[in-house]
>>> print(open('run_34.cif').read())   # mmCIF, N, CA and C atoms
data_query
#
loop_
_atom_site.group_PDB
_atom_site.id
_atom_site.type_symbol
_atom_site.label_atom_id
_atom_site.label_comp_id
_atom_site.auth_asym_id
_atom_site.auth_seq_id
_atom_site.Cartn_x
_atom_site.Cartn_y
_atom_site.Cartn_z
ATOM 1 N N MET O 324 -0.041 -4.640 18.703
ATOM 2 C CA MET O 324 -0.006 -3.514 17.787
ATOM 3 C C MET O 324 -1.435 -3.061 17.521
ATOM 4 N N SER O 325 -1.623 -1.783 17.426
ATOM 5 C CA SER O 325 -2.953 -1.256 17.158
ATOM 6 C C SER O 325 -3.233 -1.274 15.659
ATOM 7 N N THR O 326 -4.478 -1.011 15.297
ATOM 8 C CA THR O 326 -4.860 -0.975 13.882
ATOM 9 C C THR O 326 -4.045 0.066 13.137
ATOM 10 N N ARG O 327 -3.812 1.209 13.787
ATOM 11 C CA ARG O 327 -3.026 2.269 13.159
ATOM 12 C C ARG O 327 -1.608 1.782 12.882
ATOM 13 N N ASP O 328 -1.039 1.048 13.829
ATOM 14 C CA ASP O 328 0.322 0.548 13.678
ATOM 15 C C ASP O 328 0.444 -0.469 12.549
ATOM 16 N N ALA O 329 -0.643 -1.147 12.227
ATOM 17 C CA ALA O 329 -0.613 -2.176 11.185
ATOM 18 C C ALA O 329 -0.245 -1.590 9.824
ATOM 19 N N LEU O 330 -0.406 -0.296 9.662
ATOM 20 C CA LEU O 330 -0.102 0.333 8.384
ATOM 21 C C LEU O 330 1.388 0.372 8.093
ATOM 22 N N ASP O 331 2.217 0.329 9.122
ATOM 23 C CA ASP O 331 3.663 0.401 8.894
ATOM 24 C C ASP O 331 4.368 -0.879 9.345
ATOM 25 N N THR O 332 3.704 -2.017 9.163
ATOM 26 C CA THR O 332 4.314 -3.288 9.550
ATOM 27 C C THR O 332 4.857 -4.022 8.328
ATOM 28 N N LYS O 333 5.735 -4.952 8.626
ATOM 29 C CA LYS O 333 6.359 -5.754 7.591
ATOM 30 C C LYS O 333 6.398 -7.197 8.089
ATOM 31 N N VAL O 334 6.214 -8.146 7.187
ATOM 32 C CA VAL O 334 6.249 -9.556 7.562
ATOM 33 C C VAL O 334 7.699 -9.962 7.805
ATOM 34 N N LEU O 335 7.975 -10.412 9.019
ATOM 35 C CA LEU O 335 9.303 -10.899 9.364
ATOM 36 C C LEU O 335 9.479 -12.333 8.872
ATOM 37 N N ILE O 336 8.469 -13.167 9.110
ATOM 38 C CA ILE O 336 8.532 -14.564 8.713
ATOM 39 C C ILE O 336 7.109 -15.122 8.656
ATOM 40 N N SER O 337 6.893 -16.097 7.800
ATOM 41 C CA SER O 337 5.627 -16.834 7.738
ATOM 42 C C SER O 337 5.942 -18.293 8.014
ATOM 43 N N ILE O 338 5.259 -18.867 9.002
ATOM 44 C CA ILE O 338 5.515 -20.241 9.416
ATOM 45 C C ILE O 338 4.201 -20.949 9.725
ATOM 46 N N PRO O 339 4.163 -22.279 9.620
ATOM 47 C CA PRO O 339 2.919 -23.003 9.873
ATOM 48 C C PRO O 339 2.690 -23.378 11.340
ATOM 49 N N ASN O 340 3.643 -23.120 12.213
ATOM 50 C CA ASN O 340 3.572 -23.594 13.584
ATOM 51 C C ASN O 340 3.248 -22.455 14.553
ATOM 52 N N PRO O 341 2.060 -22.480 15.199
ATOM 53 C CA PRO O 341 1.691 -21.393 16.107
ATOM 54 C C PRO O 341 2.605 -21.296 17.326
ATOM 55 N N ALA O 342 3.121 -22.415 17.815
ATOM 56 C CA ALA O 342 4.022 -22.368 18.970
ATOM 57 C C ALA O 342 5.332 -21.672 18.602
ATOM 58 N N GLU O 343 5.840 -21.944 17.409
ATOM 59 C CA GLU O 343 7.072 -21.291 16.960
ATOM 60 C C GLU O 343 6.836 -19.792 16.766
ATOM 61 N N ALA O 344 5.672 -19.437 16.216
ATOM 62 C CA ALA O 344 5.351 -18.015 16.038
ATOM 63 C C ALA O 344 5.300 -17.312 17.393
ATOM 64 N N ALA O 345 4.683 -17.953 18.384
ATOM 65 C CA ALA O 345 4.607 -17.362 19.719
ATOM 66 C C ALA O 345 5.995 -17.205 20.329
ATOM 67 N N ALA O 346 6.867 -18.183 20.115
ATOM 68 C CA ALA O 346 8.231 -18.102 20.642
ATOM 69 C C ALA O 346 9.004 -16.958 19.992
ATOM 70 N N ILE O 347 8.797 -16.754 18.698
ATOM 71 C CA ILE O 347 9.468 -15.656 17.991
ATOM 72 C C ILE O 347 8.968 -14.314 18.509
ATOM 73 N N VAL O 348 7.656 -14.180 18.659
ATOM 74 C CA VAL O 348 7.083 -12.932 19.185
ATOM 75 C C VAL O 348 7.644 -12.654 20.577
ATOM 76 N N GLN O 349 7.757 -13.700 21.410
ATOM 77 C CA GLN O 349 8.291 -13.512 22.762
ATOM 78 C C GLN O 349 9.766 -13.107 22.728
ATOM 79 N N ALA O 350 10.551 -13.723 21.856
ATOM 80 C CA ALA O 350 11.967 -13.363 21.738
ATOM 81 C C ALA O 350 12.124 -11.905 21.308
ATOM 82 N N LEU O 351 11.277 -11.469 20.399
ATOM 83 C CA LEU O 351 11.320 -10.076 19.953
ATOM 84 C C LEU O 351 10.903 -9.133 21.078
ATOM 85 N N THR O 352 9.875 -9.517 21.822
ATOM 86 C CA THR O 352 9.428 -8.711 22.958
ATOM 87 C C THR O 352 10.543 -8.585 23.989
ATOM 88 N N ASP O 353 11.214 -9.714 24.263
ATOM 89 C CA ASP O 353 12.328 -9.693 25.218
ATOM 90 C C ASP O 353 13.440 -8.756 24.766
ATOM 91 N N ALA O 354 13.578 -8.579 23.456
ATOM 92 C CA ALA O 354 14.605 -7.697 22.907
ATOM 93 C C ALA O 354 14.108 -6.259 22.753
ATOM 94 N N GLY O 355 12.864 -6.009 23.172
ATOM 95 C CA GLY O 355 12.325 -4.654 23.105
ATOM 96 C C GLY O 355 11.703 -4.291 21.775
ATOM 97 N N ILE O 356 11.390 -5.290 20.958
ATOM 98 C CA ILE O 356 10.767 -5.039 19.657
ATOM 99 C C ILE O 356 9.312 -5.461 19.716
ATOM 100 N N GLN O 357 8.430 -4.522 19.404
ATOM 101 C CA GLN O 357 7.002 -4.814 19.389
ATOM 102 C C GLN O 357 6.674 -5.619 18.140
ATOM 103 N N SER O 358 5.951 -6.723 18.328
ATOM 104 C CA SER O 358 5.572 -7.564 17.196
ATOM 105 C C SER O 358 4.245 -8.234 17.493
ATOM 106 N N THR O 359 3.705 -8.873 16.491
ATOM 107 C CA THR O 359 2.461 -9.611 16.647
ATOM 108 C C THR O 359 2.437 -10.715 15.598
ATOM 109 N N SER O 360 1.483 -11.620 15.741
ATOM 110 C CA SER O 360 1.311 -12.649 14.720
ATOM 111 C C SER O 360 -0.146 -12.678 14.303
ATOM 112 N N ASP O 361 -0.375 -13.107 13.082
ATOM 113 C CA ASP O 361 -1.754 -13.259 12.615
ATOM 114 C C ASP O 361 -1.878 -14.585 11.886
ATOM 115 N N GLY O 362 -3.102 -15.050 11.739
ATOM 116 C CA GLY O 362 -3.339 -16.317 11.058
ATOM 117 C C GLY O 362 -3.575 -17.471 12.013
ATOM 118 N N ASN O 363 -3.491 -17.224 13.331
ATOM 119 C CA ASN O 363 -3.691 -18.298 14.300
ATOM 120 C C ASN O 363 -5.082 -18.909 14.224
ATOM 121 N N GLY O 364 -6.062 -18.128 13.851
ATOM 122 C CA GLY O 364 -7.441 -18.615 13.826
ATOM 123 C C GLY O 364 -7.732 -19.613 12.726
ATOM 124 N N ILE O 365 -6.855 -19.698 11.725
ATOM 125 C CA ILE O 365 -7.124 -20.608 10.609
ATOM 126 C C ILE O 365 -6.188 -21.801 10.559
ATOM 127 N N VAL O 366 -5.334 -21.938 11.567
ATOM 128 C CA VAL O 366 -4.342 -23.012 11.536
ATOM 129 C C VAL O 366 -4.993 -24.386 11.524
ATOM 130 N N GLY O 367 -6.032 -24.591 12.298
ATOM 131 C CA GLY O 367 -6.679 -25.900 12.362
ATOM 132 C C GLY O 367 -7.508 -26.238 11.143
ATOM 133 N N PHE O 368 -7.781 -25.270 10.309
ATOM 134 C CA PHE O 368 -8.597 -25.481 9.123
ATOM 135 C C PHE O 368 -7.688 -25.576 7.915
ATOM 136 N N GLN O 369 -7.515 -26.794 7.412
ATOM 137 C CA GLN O 369 -6.629 -27.001 6.273
ATOM 138 C C GLN O 369 -7.394 -27.678 5.149
ATOM 139 N N VAL O 370 -7.306 -27.103 3.989
ATOM 140 C CA VAL O 370 -7.949 -27.686 2.827
ATOM 141 C C VAL O 370 -6.893 -28.365 1.976
ATOM 142 N N GLU O 371 -6.047 -27.609 1.353
ATOM 143 C CA GLU O 371 -4.994 -28.143 0.493
ATOM 144 C C GLU O 371 -3.609 -27.865 1.068
ATOM 145 N N ALA O 372 -3.442 -26.675 1.605
ATOM 146 C CA ALA O 372 -2.124 -26.264 2.090
ATOM 147 C C ALA O 372 -2.246 -25.833 3.554
ATOM 148 N N PRO O 373 -1.182 -26.002 4.319
ATOM 149 C CA PRO O 373 -1.249 -25.558 5.710
ATOM 150 C C PRO O 373 -1.367 -24.042 5.799
ATOM 151 N N ALA O 374 -2.086 -23.589 6.800
ATOM 152 C CA ALA O 374 -2.206 -22.149 7.026
ATOM 153 C C ALA O 374 -0.874 -21.622 7.519
ATOM 154 N N MET O 375 -0.535 -20.449 7.098
ATOM 155 C CA MET O 375 0.721 -19.836 7.509
ATOM 156 C C MET O 375 0.426 -18.709 8.491
ATOM 157 N N ILE O 376 1.228 -18.652 9.515
ATOM 158 C CA ILE O 376 1.126 -17.594 10.514
ATOM 159 C C ILE O 376 2.231 -16.594 10.216
ATOM 160 N N ARG O 377 1.836 -15.335 10.116
ATOM 161 C CA ARG O 377 2.817 -14.289 9.835
ATOM 162 C C ARG O 377 3.206 -13.598 11.125
ATOM 163 N N VAL O 378 4.504 -13.397 11.316
ATOM 164 C CA VAL O 378 5.000 -12.589 12.424
ATOM 165 C C VAL O 378 5.311 -11.218 11.832
ATOM 166 N N LEU O 379 4.680 -10.197 12.395
ATOM 167 C CA LEU O 379 4.780 -8.833 11.870
ATOM 168 C C LEU O 379 5.549 -7.943 12.834
ATOM 169 N N VAL O 380 6.369 -7.075 12.268
ATOM 170 C CA VAL O 380 7.113 -6.079 13.051
ATOM 171 C C VAL O 380 6.981 -4.731 12.351
ATOM 172 N N HIS O 381 7.272 -3.670 13.093
ATOM 173 C CA HIS O 381 7.296 -2.342 12.469
ATOM 174 C C HIS O 381 8.440 -2.296 11.458
ATOM 175 N N GLU O 382 8.218 -1.603 10.368
ATOM 176 C CA GLU O 382 9.247 -1.492 9.324
ATOM 177 C C GLU O 382 10.580 -1.006 9.888
ATOM 178 N N GLU O 383 10.530 -0.053 10.798
ATOM 179 C CA GLU O 383 11.774 0.493 11.347
ATOM 180 C C GLU O 383 12.534 -0.523 12.211
ATOM 181 N N ASP O 384 11.850 -1.561 12.673
ATOM 182 C CA ASP O 384 12.482 -2.594 13.502
ATOM 183 C C ASP O 384 12.862 -3.839 12.705
ATOM 184 N N TYR O 385 12.556 -3.861 11.424
ATOM 185 C CA TYR O 385 12.710 -5.074 10.619
ATOM 186 C C TYR O 385 14.148 -5.623 10.618
ATOM 187 N N VAL O 386 15.130 -4.785 10.377
ATOM 188 C CA VAL O 386 16.519 -5.254 10.290
ATOM 189 C C VAL O 386 16.961 -5.853 11.613
ATOM 190 N N ARG O 387 16.676 -5.164 12.703
ATOM 191 C CA ARG O 387 17.046 -5.681 14.027
ATOM 192 C C ARG O 387 16.284 -6.971 14.334
ATOM 193 N N ALA O 388 15.016 -7.027 13.966
ATOM 194 C CA ALA O 388 14.216 -8.231 14.206
ATOM 195 C C ALA O 388 14.780 -9.427 13.433
ATOM 196 N N ARG O 389 15.249 -9.202 12.203
ATOM 197 C CA ARG O 389 15.878 -10.283 11.431
ATOM 198 C C ARG O 389 17.122 -10.788 12.144
ATOM 199 N N GLN O 390 17.902 -9.864 12.690
ATOM 200 C CA GLN O 390 19.109 -10.250 13.420
ATOM 201 C C GLN O 390 18.754 -11.111 14.634
ATOM 202 N N ILE O 391 17.739 -10.700 15.375
ATOM 203 C CA ILE O 391 17.317 -11.447 16.561
ATOM 204 C C ILE O 391 16.800 -12.823 16.163
ATOM 205 N N LEU O 392 16.043 -12.890 15.079
ATOM 206 C CA LEU O 392 15.539 -14.177 14.588
ATOM 207 C C LEU O 392 16.696 -15.111 14.237
ATOM 208 N N GLU O 393 17.685 -14.604 13.536
ATOM 209 C CA GLU O 393 18.839 -15.421 13.158
ATOM 210 C C GLU O 393 19.634 -15.853 14.387
ATOM 211 N N GLU O 394 19.817 -14.937 15.338
ATOM 212 C CA GLU O 394 20.545 -15.278 16.561
ATOM 213 C C GLU O 394 19.813 -16.350 17.352
ATOM 214 N N SER O 395 18.495 -16.252 17.437
ATOM 215 C CA SER O 395 17.734 -17.247 18.201
ATOM 216 C C SER O 395 17.784 -18.605 17.515
ATOM 217 N N ARG O 396 17.808 -18.613 16.199
ATOM 218 C CA ARG O 396 17.943 -19.884 15.472
ATOM 219 C C ARG O 396 19.336 -20.483 15.686
ATOM 220 N N ASP O 397 20.358 -19.633 15.678
ATOM 221 C CA ASP O 397 21.724 -20.111 15.938
ATOM 222 C C ASP O 397 21.817 -20.706 17.339
ATOM 223 N N ASP O 398 21.191 -20.034 18.316
ATOM 224 C CA ASP O 398 21.207 -20.535 19.697
ATOM 225 C C ASP O 398 20.513 -21.885 19.785
ATOM 226 N N ALA O 399 19.383 -22.036 19.103
ATOM 227 C CA ALA O 399 18.635 -23.293 19.140
ATOM 228 C C ALA O 399 19.439 -24.423 18.509
ATOM 229 N N GLU O 400 20.161 -24.133 17.444
ATOM 230 C CA GLU O 400 20.967 -25.151 16.778
ATOM 231 C C GLU O 400 22.182 -25.539 17.609
ATOM 232 N N ALA O 401 22.621 -24.655 18.494
ATOM 233 C CA ALA O 401 23.817 -24.914 19.294
ATOM 234 C C ALA O 401 23.550 -25.842 20.480
ATOM 235 N N ILE O 402 22.285 -26.106 20.782
ATOM 236 C CA ILE O 402 21.958 -26.982 21.907
ATOM 237 C C ILE O 402 22.293 -28.424 21.542
ATOM 238 N N ASN O 403 23.066 -29.075 22.399
ATOM 239 C CA ASN O 403 23.383 -30.485 22.218
ATOM 240 C C ASN O 403 22.350 -31.280 23.010
ATOM 241 N N TRP O 404 21.309 -31.730 22.328
ATOM 242 C CA TRP O 404 20.202 -32.401 22.998
ATOM 243 C C TRP O 404 20.616 -33.736 23.616
ATOM 244 N N ASP O 405 21.754 -34.285 23.209
ATOM 245 C CA ASP O 405 22.246 -35.517 23.819
ATOM 246 C C ASP O 405 22.720 -35.268 25.250
ATOM 247 N N GLN O 406 23.003 -34.022 25.587
ATOM 248 C CA GLN O 406 23.502 -33.695 26.920
ATOM 249 C C GLN O 406 22.441 -33.030 27.800
ATOM 250 N N VAL O 407 21.221 -32.911 27.295
ATOM 251 C CA VAL O 407 20.148 -32.290 28.058
ATOM 252 C C VAL O 407 19.408 -33.375 28.835
ATOM 253 N N ASP O 408 19.290 -33.180 30.140
ATOM 254 C CA ASP O 408 18.584 -34.138 30.988
ATOM 255 C C ASP O 408 17.107 -33.763 31.005
ATOM 256 N N ILE O 409 16.292 -34.581 30.381
ATOM 257 C CA ILE O 409 14.851 -34.291 30.342
ATOM 258 C C ILE O 409 14.086 -35.116 31.364
ATOM 259 N N GLY O 410 14.829 -35.836 32.213
ATOM 260 C CA GLY O 410 14.185 -36.608 33.272
ATOM 261 C C GLY O 410 13.795 -37.994 32.807
ATOM 262 N N VAL O 411 13.125 -38.696 33.690
ATOM 263 C CA VAL O 411 12.700 -40.066 33.395
ATOM 264 C C VAL O 411 11.275 -40.002 32.848
ATOM 265 N N PRO O 412 11.032 -40.689 31.727
ATOM 266 C CA PRO O 412 9.679 -40.687 31.171
ATOM 267 C C PRO O 412 8.684 -41.344 32.118
ATOM 268 N N GLU O 413 7.510 -40.785 32.192
ATOM 269 C CA GLU O 413 6.444 -41.349 33.018
ATOM 270 C C GLU O 413 5.815 -42.517 32.283
ATOM 271 N N GLU O 414 5.419 -43.522 33.048
ATOM 272 C CA GLU O 414 4.725 -44.657 32.436
ATOM 273 C C GLU O 414 3.291 -44.268 32.150
ATOM 274 N N GLU O 415 2.772 -44.805 31.075
ATOM 275 C CA GLU O 415 1.381 -44.483 30.704
ATOM 276 C C GLU O 415 0.422 -45.434 31.348
#
>>> encode(input="run_34.cif", output="structure tokens")
Amino acid sequence: MSTRDALDTKVLISIPNPAEAAAIVQALTDAGIQSTSDGNGIVGFQVEAPAMIRVLVHEEDYVRARQILEESRDDAEAINWDQVDIGVPEEE
């Protein structure tokens, strides 16, 4: 998003995990919604509270982005990790 676009953005979610923020941004991109995250530069610097990363979307896309976020969370919860073959662990 450009600086001009930042004027009409809305926070979709604030989370402490940069990998989760990146996954959300990618899911939104895959759905055709432009988004970005901020706060990544301060994640490693913690004084009292963890830094929060905000995922931002255009105001006009907010409702659809919330739906996509909820759907992706539902999909993640539906995975039965007991049935996922992750291979044989490597010896250290």
>>> atom_distance(input="run_34.cif", atom1="CA of Val348 (chain O)", atom2="atom C of Arg396 (chain O)")
14.8 Å
>>> residues_around(input="run_34.cif", residues="region 343-347 of chain O", least_positions_apart="6", cutoff="7 Å", atoms="all atoms listed in the file", output="ChimeraX atom specification")
/O:360,376-378
>>> resolve_selection(input="run_34.cif", expression="the PyMOL selection byres ((chain O and resi 381-389) around 5)", output="PDB file with N, CA and C atoms, keeping the file's coordinate frame")
ATOM      1  N   ASP O 331       2.217   0.329   9.122  1.00  0.00           N
ATOM      2  CA  ASP O 331       3.663   0.401   8.894  1.00  0.00           C
ATOM      3  C   ASP O 331       4.368  -0.879   9.345  1.00  0.00           C
ATOM      4  N   THR O 332       3.704  -2.017   9.163  1.00  0.00           N
ATOM      5  CA  THR O 332       4.314  -3.288   9.550  1.00  0.00           C
ATOM      6  C   THR O 332       4.857  -4.022   8.328  1.00  0.00           C
ATOM      7  N   LYS O 333       5.735  -4.952   8.626  1.00  0.00           N
ATOM      8  CA  LYS O 333       6.359  -5.754   7.591  1.00  0.00           C
ATOM      9  C   LYS O 333       6.398  -7.197   8.089  1.00  0.00           C
ATOM     10  N   LEU O 379       4.680 -10.197  12.395  1.00  0.00           N
ATOM     11  CA  LEU O 379       4.780  -8.833  11.870  1.00  0.00           C
ATOM     12  C   LEU O 379       5.549  -7.943  12.834  1.00  0.00           C
ATOM     13  N   VAL O 380       6.369  -7.075  12.268  1.00  0.00           N
ATOM     14  CA  VAL O 380       7.113  -6.079  13.051  1.00  0.00           C
ATOM     15  C   VAL O 380       6.981  -4.731  12.351  1.00  0.00           C
ATOM     16  N   GLN O 390      17.902  -9.864  12.690  1.00  0.00           N
ATOM     17  CA  GLN O 390      19.109 -10.250  13.420  1.00  0.00           C
ATOM     18  C   GLN O 390      18.754 -11.111  14.634  1.00  0.00           C
ATOM     19  N   ILE O 391      17.739 -10.700  15.375  1.00  0.00           N
ATOM     20  CA  ILE O 391      17.317 -11.447  16.561  1.00  0.00           C
ATOM     21  C   ILE O 391      16.800 -12.823  16.163  1.00  0.00           C
ATOM     22  N   LEU O 392      16.043 -12.890  15.079  1.00  0.00           N
ATOM     23  CA  LEU O 392      15.539 -14.177  14.588  1.00  0.00           C
ATOM     24  C   LEU O 392      16.696 -15.111  14.237  1.00  0.00           C
ATOM     25  N   GLU O 393      17.685 -14.604  13.536  1.00  0.00           N
ATOM     26  CA  GLU O 393      18.839 -15.421  13.158  1.00  0.00           C
ATOM     27  C   GLU O 393      19.634 -15.853  14.387  1.00  0.00           C
TER      28      GLU O 393
END
>>> atom_distance(input="run_34.cif", atom1="atom C of Ser337 (chain O)", atom2="CA of Ala374 (chain O)")
9.1 Å
>>> atom_distance(input="run_34.cif", atom1="CA of Gly362 (chain O)", atom2="CA of Ala342 (chain O)")
12.4 Å
>>> select_by_dssp(input="run_34.cif", residues="region 337-394 of chain O", states="strand (DSSP E or B)", output="PyMOL selection string")
chain O and resi 337-338+358-361+376-381
